[in-house]
Structure formats: C-alpha cells, structure tokens
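Okay, model28.cif is below, mmCIF, C-alpha atoms and all ligand atoms:
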data_target
loop_
_atom_site.label_atom_id
_atom_site.label_comp_id
_atom_site.auth_asym_id
_atom_site.auth_seq_id
_atom_site.Cartn_x
_atom_site.Cartn_y
_atom_site.Cartn_z
CA MET A 1 0.00 0.00 0.00
CA ASN A 2 1.23 3.46 -0.87
CA PHE A 3 0.51 6.04 1.79
CA ASN A 4 2.60 8.92 0.56
CA LEU A 5 0.35 11.21 -1.43
CA LEU A 6 2.99 13.90 -1.90
CA ASN A 7 6.30 13.53 -3.66
CA GLU A 8 9.42 15.01 -2.11
CA SER A 9 9.09 18.36 -3.81
CA GLN A 10 5.37 18.74 -2.97
CA LEU A 11 6.09 17.82 0.64
CA ASN A 12 8.78 20.50 0.77
CA ASP A 13 6.34 23.02 -0.73
CA LEU A 14 3.72 22.13 1.88
CA ARG A 15 6.25 22.40 4.70
CA ALA A 16 7.39 25.79 3.43
CA LEU A 17 3.80 27.05 3.12
CA LEU A 18 2.95 25.96 6.66
CA GLU A 19 6.20 27.14 8.21
CA THR A 20 5.78 30.78 7.27
CA ALA A 21 2.02 31.01 7.84
CA GLU A 22 0.80 32.71 11.00
CA HIS A 23 -2.76 33.66 10.17
CA ILE A 24 -4.50 30.74 8.55
CA VAL A 25 -8.02 30.50 7.13
CA VAL A 26 -9.49 27.06 6.44
CA CYS A 27 -12.59 27.15 4.25
CA ALA A 28 -14.93 24.60 2.65
CA HIS A 29 -17.99 24.50 0.38
CA LYS A 30 -21.53 25.82 0.88
CA SER A 31 -23.96 23.52 2.67
CA PRO A 32 -20.97 21.86 4.32
CA ASP A 33 -21.34 18.10 4.82
CA GLY A 34 -19.54 15.73 7.18
CA ASP A 35 -16.43 15.69 5.04
CA ALA A 36 -16.28 19.47 4.57
CA VAL A 37 -16.67 20.11 8.31
CA GLY A 38 -14.63 17.05 9.32
CA SER A 39 -11.64 17.82 7.11
CA ALA A 40 -11.66 21.53 7.98
CA LEU A 41 -11.81 20.93 11.74
CA ALA A 42 -9.27 18.08 11.60
CA TRP A 43 -6.85 20.33 9.69
CA LYS A 44 -7.42 23.08 12.26
CA HIS A 45 -6.78 20.64 15.14
CA PHE A 46 -3.55 19.55 13.46
CA LEU A 47 -2.34 23.10 12.80
CA VAL A 48 -3.10 24.19 16.37
CA GLN A 49 -1.34 21.10 17.72
CA ALA A 50 1.62 22.02 15.51
CA GLY A 51 1.84 25.41 17.22
CA LYS A 52 -0.27 27.71 15.04
CA THR A 53 -2.18 30.14 17.21
CA ASP A 54 -4.44 31.80 14.64
CA VAL A 55 -6.42 29.25 12.61
CA LYS A 56 -9.99 30.10 11.62
CA VAL A 57 -12.46 27.74 9.96
CA CYS A 58 -14.75 29.85 7.76
CA LEU A 59 -17.79 28.25 6.12
CA PRO A 60 -20.36 29.91 3.84
CA ASP A 61 -23.40 28.75 5.83
CA ALA A 62 -24.85 26.24 8.30
CA ALA A 63 -23.87 22.59 8.61
CA PRO A 64 -26.57 20.06 9.55
CA ASP A 65 -27.43 19.60 13.22
CA PHE A 66 -26.09 16.03 13.26
CA LEU A 67 -22.54 17.43 13.01
CA GLN A 68 -22.79 19.76 16.01
CA TRP A 69 -21.04 17.28 18.31
CA MET A 70 -17.81 17.57 16.35
CA PRO A 71 -14.89 18.88 18.44
CA GLY A 72 -14.33 22.51 17.49
CA PHE A 73 -17.72 22.93 15.80
CA ASP A 74 -18.57 25.95 17.97
CA THR A 75 -15.46 27.79 16.73
CA ILE A 76 -16.63 27.79 13.09
CA LEU A 77 -17.24 31.23 11.59
CA ARG A 78 -20.26 31.25 9.29
CA TYR A 79 -20.21 33.83 6.50
CA ASP A 80 -24.01 34.13 6.46
CA LYS A 81 -24.01 34.98 10.19
CA ARG A 82 -20.66 36.67 10.85
CA ARG A 83 -19.80 38.27 7.56
CA LYS A 84 -17.50 40.97 8.94
CA GLU A 85 -15.42 38.54 11.00
CA VAL A 86 -15.00 36.26 8.01
CA GLU A 87 -13.99 39.17 5.78
CA GLU A 88 -11.45 40.25 8.39
CA ALA A 89 -10.09 36.71 8.71
CA PHE A 90 -9.50 36.50 4.95
CA ALA A 91 -8.06 40.03 4.81
CA GLY A 92 -5.54 39.21 7.53
CA ALA A 93 -4.67 35.71 6.29
CA ASP A 94 -1.26 34.70 5.05
CA LEU A 95 -2.49 31.24 4.02
CA VAL A 96 -5.91 30.10 2.83
CA CYS A 97 -6.60 26.36 2.86
CA CYS A 98 -9.44 25.37 0.51
CA LEU A 99 -10.83 22.00 1.57
CA ASP A 100 -13.33 19.69 -0.11
CA PHE A 101 -14.17 21.88 -3.12
CA ASN A 102 -12.74 22.24 -6.60
CA SER A 103 -13.89 25.64 -7.81
CA ALA A 104 -14.39 29.06 -6.18
CA ARG A 105 -18.06 28.94 -7.27
CA ARG A 106 -18.67 26.24 -4.65
CA VAL A 107 -18.36 28.71 -1.77
CA GLU A 108 -21.17 30.74 -3.41
CA ALA A 109 -21.84 34.00 -1.53
CA MET A 110 -18.36 33.82 0.05
CA GLN A 111 -16.69 33.71 -3.39
CA PRO A 112 -15.88 37.46 -3.65
CA VAL A 113 -14.08 37.22 -0.28
CA LEU A 114 -12.06 34.21 -1.44
CA ASP A 115 -11.37 35.73 -4.87
CA GLY A 116 -10.31 39.03 -3.32
CA CYS A 117 -7.85 37.47 -0.88
CA ALA A 118 -4.21 37.81 -1.92
CA ALA A 119 -2.83 35.15 0.45
CA PRO A 120 -1.35 31.98 -1.09
CA ARG A 121 -3.82 29.12 -1.37
CA LEU A 122 -3.50 25.46 -0.54
CA LEU A 123 -6.10 23.20 -2.14
CA ILE A 124 -6.88 19.85 -0.51
CA ASP A 125 -9.72 18.07 -2.31
CA HIS A 126 -11.04 14.89 -3.89
CA HIS A 127 -13.52 16.22 -6.49
CA LEU A 128 -12.96 15.70 -10.22
CA ASP A 129 -11.52 18.46 -12.42
CA PRO A 130 -10.12 21.02 -9.95
CA ASP A 131 -10.36 24.57 -11.25
CA LEU A 132 -8.98 26.80 -8.50
CA PRO A 133 -5.65 28.56 -8.95
CA CYS A 134 -3.44 27.89 -5.93
CA ARG A 135 0.16 27.68 -4.73
CA LEU A 136 -0.11 23.97 -3.97
CA SER A 137 -2.85 21.62 -5.12
CA VAL A 138 -3.38 18.29 -3.38
CA SER A 139 -6.18 16.89 -5.54
CA HIS A 140 -6.95 13.17 -5.29
CA PRO A 141 -10.30 12.07 -6.76
CA GLU A 142 -9.46 8.43 -6.01
CA MET A 143 -9.62 9.10 -2.27
CA SER A 144 -12.75 8.39 -0.23
CA SER A 145 -12.86 11.88 1.20
CA THR A 146 -10.91 15.04 1.83
CA SER A 147 -10.66 13.87 5.42
CA GLU A 148 -8.71 10.79 4.31
CA ILE A 149 -6.30 13.08 2.42
CA ILE A 150 -5.91 15.16 5.59
CA PHE A 151 -4.94 11.99 7.50
CA ASN A 152 -2.30 11.21 4.89
CA LEU A 153 -0.88 14.72 4.91
CA ILE A 154 -0.66 14.81 8.70
CA CYS A 155 1.22 11.49 8.62
CA GLN A 156 3.58 12.67 5.87
CA LEU A 157 4.28 15.78 7.92
CA GLY A 158 5.21 13.53 10.85
CA GLY A 159 2.15 14.46 12.91
CA PHE A 160 0.56 11.07 13.58
CA ASP A 161 1.98 10.51 17.06
CA ALA A 162 0.81 13.90 18.26
CA MET A 163 -2.62 13.54 16.63
CA THR A 164 -5.36 14.19 19.18
CA LYS A 165 -8.51 12.16 19.64
CA GLN A 166 -10.50 15.24 18.58
CA CYS A 167 -8.62 15.41 15.28
CA ALA A 168 -9.07 11.66 14.72
CA GLN A 169 -12.84 11.93 15.40
CA CYS A 170 -13.20 14.64 12.76
CA ILE A 171 -11.27 12.60 10.20
CA TYR A 172 -13.32 9.49 10.91
CA CYS A 173 -16.59 11.38 10.59
CA GLY A 174 -15.58 12.84 7.20
CA MET A 175 -14.53 9.45 5.85
CA MET A 176 -17.68 7.80 7.15
CA THR A 177 -20.15 10.36 5.80
CA ASP A 178 -18.56 10.66 2.33
CA THR A 179 -18.77 6.88 1.87
CA GLY A 180 -22.28 6.42 3.31
CA GLY A 181 -20.85 4.51 6.27
CA PHE A 182 -18.29 2.74 4.02
CA THR A 183 -20.84 1.44 1.53
CA TYR A 184 -19.55 3.25 -1.60
CA ASN A 185 -16.22 4.78 -2.76
CA SER A 186 -14.74 2.65 -0.05
CA THR A 187 -13.02 -0.37 -1.59
CA ARG A 188 -9.41 0.86 -1.39
CA PRO A 189 -7.69 -1.22 1.32
CA GLU A 190 -5.80 1.84 2.59
CA ILE A 191 -9.10 3.18 4.00
CA TYR A 192 -9.25 0.39 6.54
CA PHE A 193 -5.67 0.88 7.56
CA VAL A 194 -6.47 4.53 8.20
CA ILE A 195 -9.51 3.54 10.28
CA SER A 196 -7.43 1.13 12.34
CA GLN A 197 -4.99 3.95 13.06
CA LEU A 198 -7.79 6.34 14.03
CA LEU A 199 -9.16 3.75 16.45
CA THR A 200 -5.82 3.73 18.28
CA LYS A 201 -6.53 7.40 19.10
CA GLY A 202 -9.67 6.46 21.01
CA VAL A 203 -12.26 7.10 18.30
CA ASP A 204 -15.56 5.36 19.13
CA LYS A 205 -16.78 4.60 15.61
CA ASP A 206 -20.14 3.14 16.63
CA SER A 207 -20.95 6.19 18.68
CA ILE A 208 -20.05 8.49 15.76
CA TYR A 209 -22.29 6.41 13.46
CA ASN A 210 -25.16 6.82 15.93
CA ARG A 211 -24.67 10.52 16.40
CA VAL A 212 -24.62 11.16 12.64
CA PHE A 213 -27.03 8.66 11.13
CA HIS A 214 -29.50 8.09 13.97
CA ASN A 215 -30.37 11.68 14.57
CA TYR A 216 -33.69 12.18 12.77
CA SER A 217 -36.73 13.81 14.25
CA VAL A 218 -40.01 11.92 13.85
CA SER A 219 -41.16 14.40 11.21
CA ALA A 220 -37.90 14.02 9.24
CA LEU A 221 -38.38 10.26 9.11
CA LYS A 222 -41.98 10.78 7.98
CA LEU A 223 -40.88 13.23 5.26
CA ARG A 224 -38.47 10.61 3.96
CA ALA A 225 -41.18 7.94 4.04
CA HIS A 226 -43.61 10.29 2.26
CA ILE A 227 -41.13 10.91 -0.55
CA ILE A 228 -40.44 7.22 -1.12
CA LEU A 229 -44.11 6.26 -0.85
CA ASN A 230 -45.74 9.11 -2.77
CA LYS A 231 -43.11 10.96 -4.80
CA LEU A 232 -40.67 8.43 -6.20
CA ASN A 233 -40.84 7.89 -9.97
CA VAL A 234 -39.02 4.85 -11.32
CA ILE A 235 -38.42 4.33 -15.02
CA GLU A 236 -37.74 0.65 -14.74
CA GLU A 237 -36.59 0.01 -18.32
CA LEU A 238 -33.98 2.77 -17.95
CA HIS A 239 -32.93 1.78 -14.41
CA ALA A 240 -33.45 5.37 -13.33
CA SER A 241 -35.47 7.14 -10.67
CA TYR A 242 -36.27 10.70 -9.67
CA TYR A 243 -38.35 12.56 -7.13
CA ALA A 244 -39.22 16.22 -6.76
CA VAL A 245 -40.04 17.75 -3.39
CA THR A 246 -41.77 21.09 -2.94
CA LYS A 247 -41.26 23.68 -0.22
CA GLN A 248 -44.84 23.12 0.83
CA GLU A 249 -44.17 19.43 1.50
CA MET A 250 -41.02 20.27 3.41
CA ARG A 251 -42.94 22.76 5.54
CA ARG A 252 -45.59 20.14 6.23
CA PHE A 253 -42.93 17.89 7.72
CA HIS A 254 -41.10 20.73 9.55
CA PHE A 255 -38.01 20.39 7.36
CA ILE A 256 -34.67 21.52 8.74
CA LYS A 257 -31.27 21.33 7.05
CA GLY A 258 -30.04 17.74 6.89
CA ASP A 259 -33.48 16.10 6.95
CA MET A 260 -33.13 14.89 3.36
CA GLU A 261 -29.40 14.14 3.52
CA GLY A 262 -28.62 10.75 1.99
CA LEU A 263 -32.21 10.09 0.89
CA VAL A 264 -31.05 10.09 -2.75
CA ASN A 265 -29.15 6.86 -1.96
CA ILE A 266 -32.31 4.96 -1.01
CA PRO A 267 -33.66 4.28 -4.55
CA GLN A 268 -30.32 2.61 -5.26
CA GLN A 269 -31.60 -0.25 -3.13
CA ILE A 270 -33.80 -1.17 -6.12
CA LYS A 271 -32.20 -4.12 -7.87
CA GLY A 272 -30.26 -3.01 -10.96
CA LEU A 273 -30.95 0.73 -10.52
CA LYS A 274 -28.24 2.85 -12.16
CA LEU A 275 -29.32 6.43 -11.52
CA SER A 276 -31.14 8.23 -8.72
CA ILE A 277 -32.03 11.94 -9.02
CA SER A 278 -33.25 14.09 -6.13
CA LEU A 279 -34.85 17.48 -6.80
CA ARG A 280 -35.92 19.76 -4.00
CA GLU A 281 -36.99 23.34 -3.89
CA ASP A 282 -34.47 25.57 -2.14
CA THR A 283 -36.07 26.84 1.07
CA GLU A 284 -33.71 29.83 1.17
CA HIS A 285 -33.78 31.10 -2.42
CA PRO A 286 -36.91 31.41 -4.56
CA ASN A 287 -37.03 29.75 -7.97
CA GLN A 288 -34.04 27.56 -7.22
CA VAL A 289 -33.96 23.77 -7.18
CA LEU A 290 -31.22 21.75 -5.47
CA VAL A 291 -30.17 18.61 -7.29
CA SER A 292 -28.44 15.48 -6.04
CA LEU A 293 -27.39 12.60 -8.28
CA ARG A 294 -26.16 9.12 -7.43
CA SER A 295 -25.14 6.33 -9.79
CA CYS A 296 -24.01 2.72 -9.67
CA ASN A 297 -23.98 -0.47 -11.73
CA GLY A 298 -21.60 0.99 -14.32
CA PHE A 299 -23.32 4.33 -15.01
CA HIS A 300 -21.57 7.55 -13.94
CA CYS A 301 -23.68 10.60 -13.11
CA GLN A 302 -20.98 13.31 -13.01
CA PRO A 303 -21.19 14.26 -16.74
CA MET A 304 -24.98 14.52 -16.42
CA ALA A 305 -24.55 16.86 -13.41
CA VAL A 306 -22.29 19.11 -15.48
CA LYS A 307 -24.42 19.06 -18.65
CA PHE A 308 -27.94 19.30 -17.25
CA PHE A 309 -27.71 20.60 -13.69
CA ASN A 310 -24.94 23.28 -13.61
CA GLY A 311 -22.99 21.11 -11.22
CA GLY A 312 -20.41 18.36 -10.87
CA GLY A 313 -18.81 16.36 -8.10
CA HIS A 314 -17.65 12.76 -8.09
CA ALA A 315 -18.12 10.06 -10.72
CA ASP A 316 -21.02 8.45 -8.81
CA ALA A 317 -22.11 11.19 -6.39
CA SER A 318 -22.75 14.61 -7.88
CA GLY A 319 -24.88 17.64 -7.30
CA GLY A 320 -26.05 20.81 -8.95
CA LYS A 321 -28.60 23.56 -9.06
CA LEU A 322 -31.38 24.75 -11.37
CA HIS A 323 -32.90 28.22 -11.56
CA CYS A 324 -36.47 27.32 -12.39
CA SER A 325 -39.66 25.98 -10.87
CA ILE A 326 -39.78 22.47 -9.42
CA ALA A 327 -42.12 21.42 -12.27
CA GLU A 328 -39.60 22.64 -14.85
CA ALA A 329 -36.81 20.89 -12.94
CA GLU A 330 -38.74 17.65 -13.19
CA GLN A 331 -38.93 18.07 -16.97
CA ILE A 332 -35.15 18.70 -17.11
CA ALA A 333 -34.54 15.52 -15.08
CA ILE A 334 -36.67 13.50 -17.51
CA LYS A 335 -34.82 15.08 -20.44
CA ALA A 336 -31.47 14.20 -18.83
CA ILE A 337 -32.52 10.60 -18.27
CA MET A 338 -33.70 10.34 -21.89
CA ALA A 339 -30.44 11.84 -23.18
CA TYR A 340 -28.52 9.01 -21.49
CA ARG A 341 -31.08 6.28 -22.28
CA GLU A 342 -28.64 4.14 -24.26
CA GLU A 343 -26.20 3.95 -21.30
CA LEU A 344 -28.99 3.45 -18.79
CA ARG A 345 -30.89 0.70 -20.60
P1 LIG B 401 -24.83 16.02 -2.49
O1 LIG B 401 -25.75 15.32 -3.42
O2 LIG B 401 -24.47 15.17 -1.32
O3 LIG B 401 -25.28 17.40 -2.15
O4 LIG B 401 -23.49 16.23 -3.30
C1 LIG B 401 -22.81 15.17 -3.87
C2 LIG B 401 -21.47 15.62 -4.36
O5 LIG B 401 -21.62 16.55 -5.42
C3 LIG B 401 -20.66 16.30 -3.28
O6 LIG B 401 -19.35 15.83 -3.35
C4 LIG B 401 -20.73 17.75 -3.63
O7 LIG B 401 -19.57 18.41 -3.27
C5 LIG B 401 -20.93 17.74 -5.13
N1 LIG B 401 -21.80 18.87 -5.49
C6 LIG B 401 -22.99 19.17 -4.94
N2 LIG B 401 -23.51 20.27 -5.51
C7 LIG B 401 -22.62 20.69 -6.44
C8 LIG B 401 -22.56 21.80 -7.36
O8 LIG B 401 -23.47 22.63 -7.43
N3 LIG B 401 -21.46 21.87 -8.15
C9 LIG B 401 -20.46 20.96 -8.09
N4 LIG B 401 -19.42 21.11 -8.92
N5 LIG B 401 -20.47 19.93 -7.25
C10 LIG B 401 -21.52 19.78 -6.43
MN MN B 402 -15.93 15.30 0.30
#
Please render this file's structure as structure tokens.
Amino acid sequence: MNFNLLNESQLNDLRALLETAEHIVVCAHKSPDGDAVGSALAWKHFLVQAGKTDVKVCLPDAAPDFLQWMPGFDTILRYDKRRKEVEEAFAGADLVCCLDFNSARRVEAMQPVLDGCAAPRLLIDHHLDPDLPCRLSVSHPEMSSTSEIIFNLICQLGGFDAMTKQCAQCIYCGMMTDTGGFTYNSTRPEIYFVISQLLTKGVDKDSIYNRVFHNYSVSALKLRAHIILNKLNVIEELHASYYAVTKQEMRRFHFIKGDMEGLVNIPQQIKGLKLSISLREDTEHPNQVLVSLRSCNGFHCQPMAVKFFNGGGHADASGGKLHCSIAEAEQIAIKAIMAYREELR
C-alpha cells in the first residue's frame, strides 16, 4: 500500500507554506457536509497542535445539526451569520486552505471574499476536475474523502503521534459520511488501515455512526417515508429514478437542514438501478432547485450533473442547481434521463 500522497518536492512546498504562515483561514464549500466540516476541523486541530495560534475555519453557511457534536464545531465562523469577522479573517490571512471543493463557485456567496484574498492558497480536495488557482494543489479524486487526504498529509508531515482524539474523530466522521458509512467509494484497502490507526486514538466509531445517522426527528423520518411512498418515480426500463419535493411538502414535515441528507441513496436499493435523481426546492432562495445525483452499476452521473444541472462532483455522487420551478426541474430531469437512455438501458 502506498501512503505517501505527496512527492518530495510537494512535501517540501507544503512544509514551506505551513512554516511561514501565522494567520490561517481554512474554508470549505456551501452547505458543508460531514467531510467538509470534518476535514476543515481536523486540519485546524492539526495546525493548532503544531503550534499555530491563529487558525480560523470559515464556512459559507450552516452545517446540519447532526454534526454539532464535532470537536471545534462551535469555533466555526459562518459567513451568512458573521460576515465581517469572516472578511477580516481572509483580509488578515497569510495562508488560505481550501478544503473539499474544486472551484471558487462552490463557496457561493463567500466567493468574492475568497477571490479578493491575496494570500497563497492550498487546495486539498477529492472532487474531479479542480479549477482553483493555488500555490499547492493536493487533488486526489481516487480518495474516499478530503478527510482521508488530511490523514495522509498529517502522517507525511510527521504528525501522527501527536494527533489528538479530537482530530481523529473529525477525520473518521468525514470518511464515514462521504462513503455512506463505508458502503460506496470505499473499496481501497488503505481506507481500513487509516480507520485502524484512528481507532488507536480512542475514536468510538459506533458512537459516531449513531450521532450522525441516527439523529432524525419523527417528522424528518416521515418526510423521507412520504417521498419514497408518494413521490418516487421509477423508469424501470432505464434503471433510473427521480423525485421532486416542494417547499410546501417540506414545511408540512417541519423540514430543517439535513433532513433529506442521503435520501437520494435509497432508490439505489432497487435491484439493478443505475441512476437516482433528487430534486428539492431551495427553502432559502426562490425559484431555485437543489439537485443530487447518485449512480451505480456501471453508469456515472458526473457528466450529467455538469451538462444538465450546472454542477459536478464525483463520478457516482454529484450535485447541482437549477434556476427554475420544481415542475420545470422535473422536466429537465426527464430530459437528462432520456439523453442518457442508451447507457442506462
Ligand atoms: P450532495 O448530493 O451530497 O449534495 O453532493 C454530492 C457531491 O456533489 C458532493 O461531493 C458535492 O460536493 C458535489 N456537489 C454538490 N452540488 C454541487 C454543485 O453545485 N457543483 C459541483 N461542482 N459539485 C456539487
Ligand atoms: Mn468530500
């Protein structure tokens, strides 16, 4: 097994970047998930442990409630809540670490702040096709998660022995959430070596699973059941499914952020299904539809996300956004499925 992600010259570049930095901003994508929050907090824990006194995690907006237990969560600066503090953090930064995203667009409203910041950038990410100018790019789409990359970098920098339990918990959570509890993107044997090492730090993996995946309210569970029972459309001959959820339905079931997380994976339980599309009205922005795509059984959804849904992501887990009504979004989803009918059949 090969654990060294960086070659000698990249490792020297990373060391040099970290050595001179005193005011560090760590940022990740909008609607941060377990990997975005996990990798950002783990990297912060490592940097603080390594002696850095000014490390700020800045995120565009809220993370789901089921991540609130993560060590350091309460130190996160949200751009939508504490705009001025985030702007000041970027303005005073001498290093900006961009974690778990591949293009400045992915931080959305925070993009002008990132674009306007002159500090050197370090990219650490596992999405396809990185498009973010930076001093050093550590881009590995073959990795399970950005959190797994963070583990590797910490080890290459000689930081494993000093790694705290808090840091290990954040890394584990990011790896676990980005692989659906190690059920996809999780066949590389190195992943399980990493887990075994994290366990030596005192990580309680079963407890983390419970805190993240067994955290629904009754109404969230009922919303999910409603969608599967009443809203799921399956085109059996094309091994594809889609559902479209309105704001009204979400209100009915007292939707809060995170309530639909991972639901797009459920139709993949249908034997032979290749593509699952989730459409839901954005509760924050009018006339906007949030799209999630998942694929398996030899079909890859990422090109469809780029072509039809203004998005991208990973080969088999992508997302995007449409600026239209939910009814129009449904028509676009059908059009997308039809455009790929030969591959889906
Ligand atoms: P999810 O469906 O869980 O929201 O997202 C699945 C994957 O697609 C994640 O890795 C996420 O970063 C990526 N993704 C989600 N939305 C977008 C988007 O609008 N643009 C791009 N390029 N990737 C996205
Ligand atoms: Mn990720």
Could you list, with a cut-off of 6 Å and counting only C-alpha atoms and all ligand atoms, the residues of chain A near ligand MN 402 (chain B), each shown with its nearest atom pair and the distance in Å rounded to one decimal, rows sorted by chain and ascending number, as a Markdown table?
| residue | atom | partner | partner_atom | distance |
| --- | --- | --- | --- | --- |
| A:Asp35 | CA | B:MN402 | MN | 4.8 |
| A:Ala36 | CA | B:MN402 | MN | 6.0 |
| A:Asp100 | CA | B:MN402 | MN | 5.1 |
| A:Ser145 | CA | B:MN402 | MN | 4.7 |
| A:Thr146 | CA | B:MN402 | MN | 5.3 |
| A:Asp178 | CA | B:MN402 | MN | 5.7 |
So how many Å separate CA of Ser144 (chain A) and CA of Asp33 (chain A), to one decimal?
->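 About the pair CA of Ser144 (chain A) and CA of Asp33 (chain A): they are 13.9 Å apart.
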Write out as a PyMOL selection string the residues lying within 10 Å of region 211-219 of chain A, counting all atoms listed in the file and excluding same-chain residues fewer than 5 positions away.
-> chain A and resi 34+64-70+173+176-177+180-181+205-206+224-225+250+252-256+258-262
Which is closest to ligand LIG 401 (chain B) among A:Lys335, A:Lys44, A:Lys222, A:His126, if we use all atoms listed in the file?
->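 Closest to ligand LIG 401 (chain B) of all the choices is A:His126.
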Mind checking which residues fall within 7 Å of region 135-142 of chain A, counting all atoms listed in the file, ignoring those fewer than 2 positions away in the same chain, and posting them as an mmCIF file with C-alpha atoms, keeping the file's coordinate frame?
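Done, and the output landed in out01.cif:
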data_model
loop_
_atom_site.group_PDB
_atom_site.id
_atom_site.type_symbol
_atom_site.label_atom_id
_atom_site.label_comp_id
_atom_site.auth_asym_id
_atom_site.auth_seq_id
_atom_site.Cartn_x
_atom_site.Cartn_y
_atom_site.Cartn_z
ATOM 1 C CA PRO A 120 -1.350 31.980 -1.090
ATOM 2 C CA ARG A 121 -3.820 29.120 -1.370
ATOM 3 C CA LEU A 122 -3.500 25.460 -0.540
ATOM 4 C CA LEU A 123 -6.100 23.200 -2.140
ATOM 5 C CA ILE A 124 -6.880 19.850 -0.510
ATOM 6 C CA ASP A 125 -9.720 18.070 -2.310
ATOM 7 C CA HIS A 126 -11.040 14.890 -3.890
ATOM 8 C CA HIS A 127 -13.520 16.220 -6.490
ATOM 9 C CA LEU A 128 -12.960 15.700 -10.220
ATOM 10 C CA SER A 144 -12.750 8.390 -0.230
#
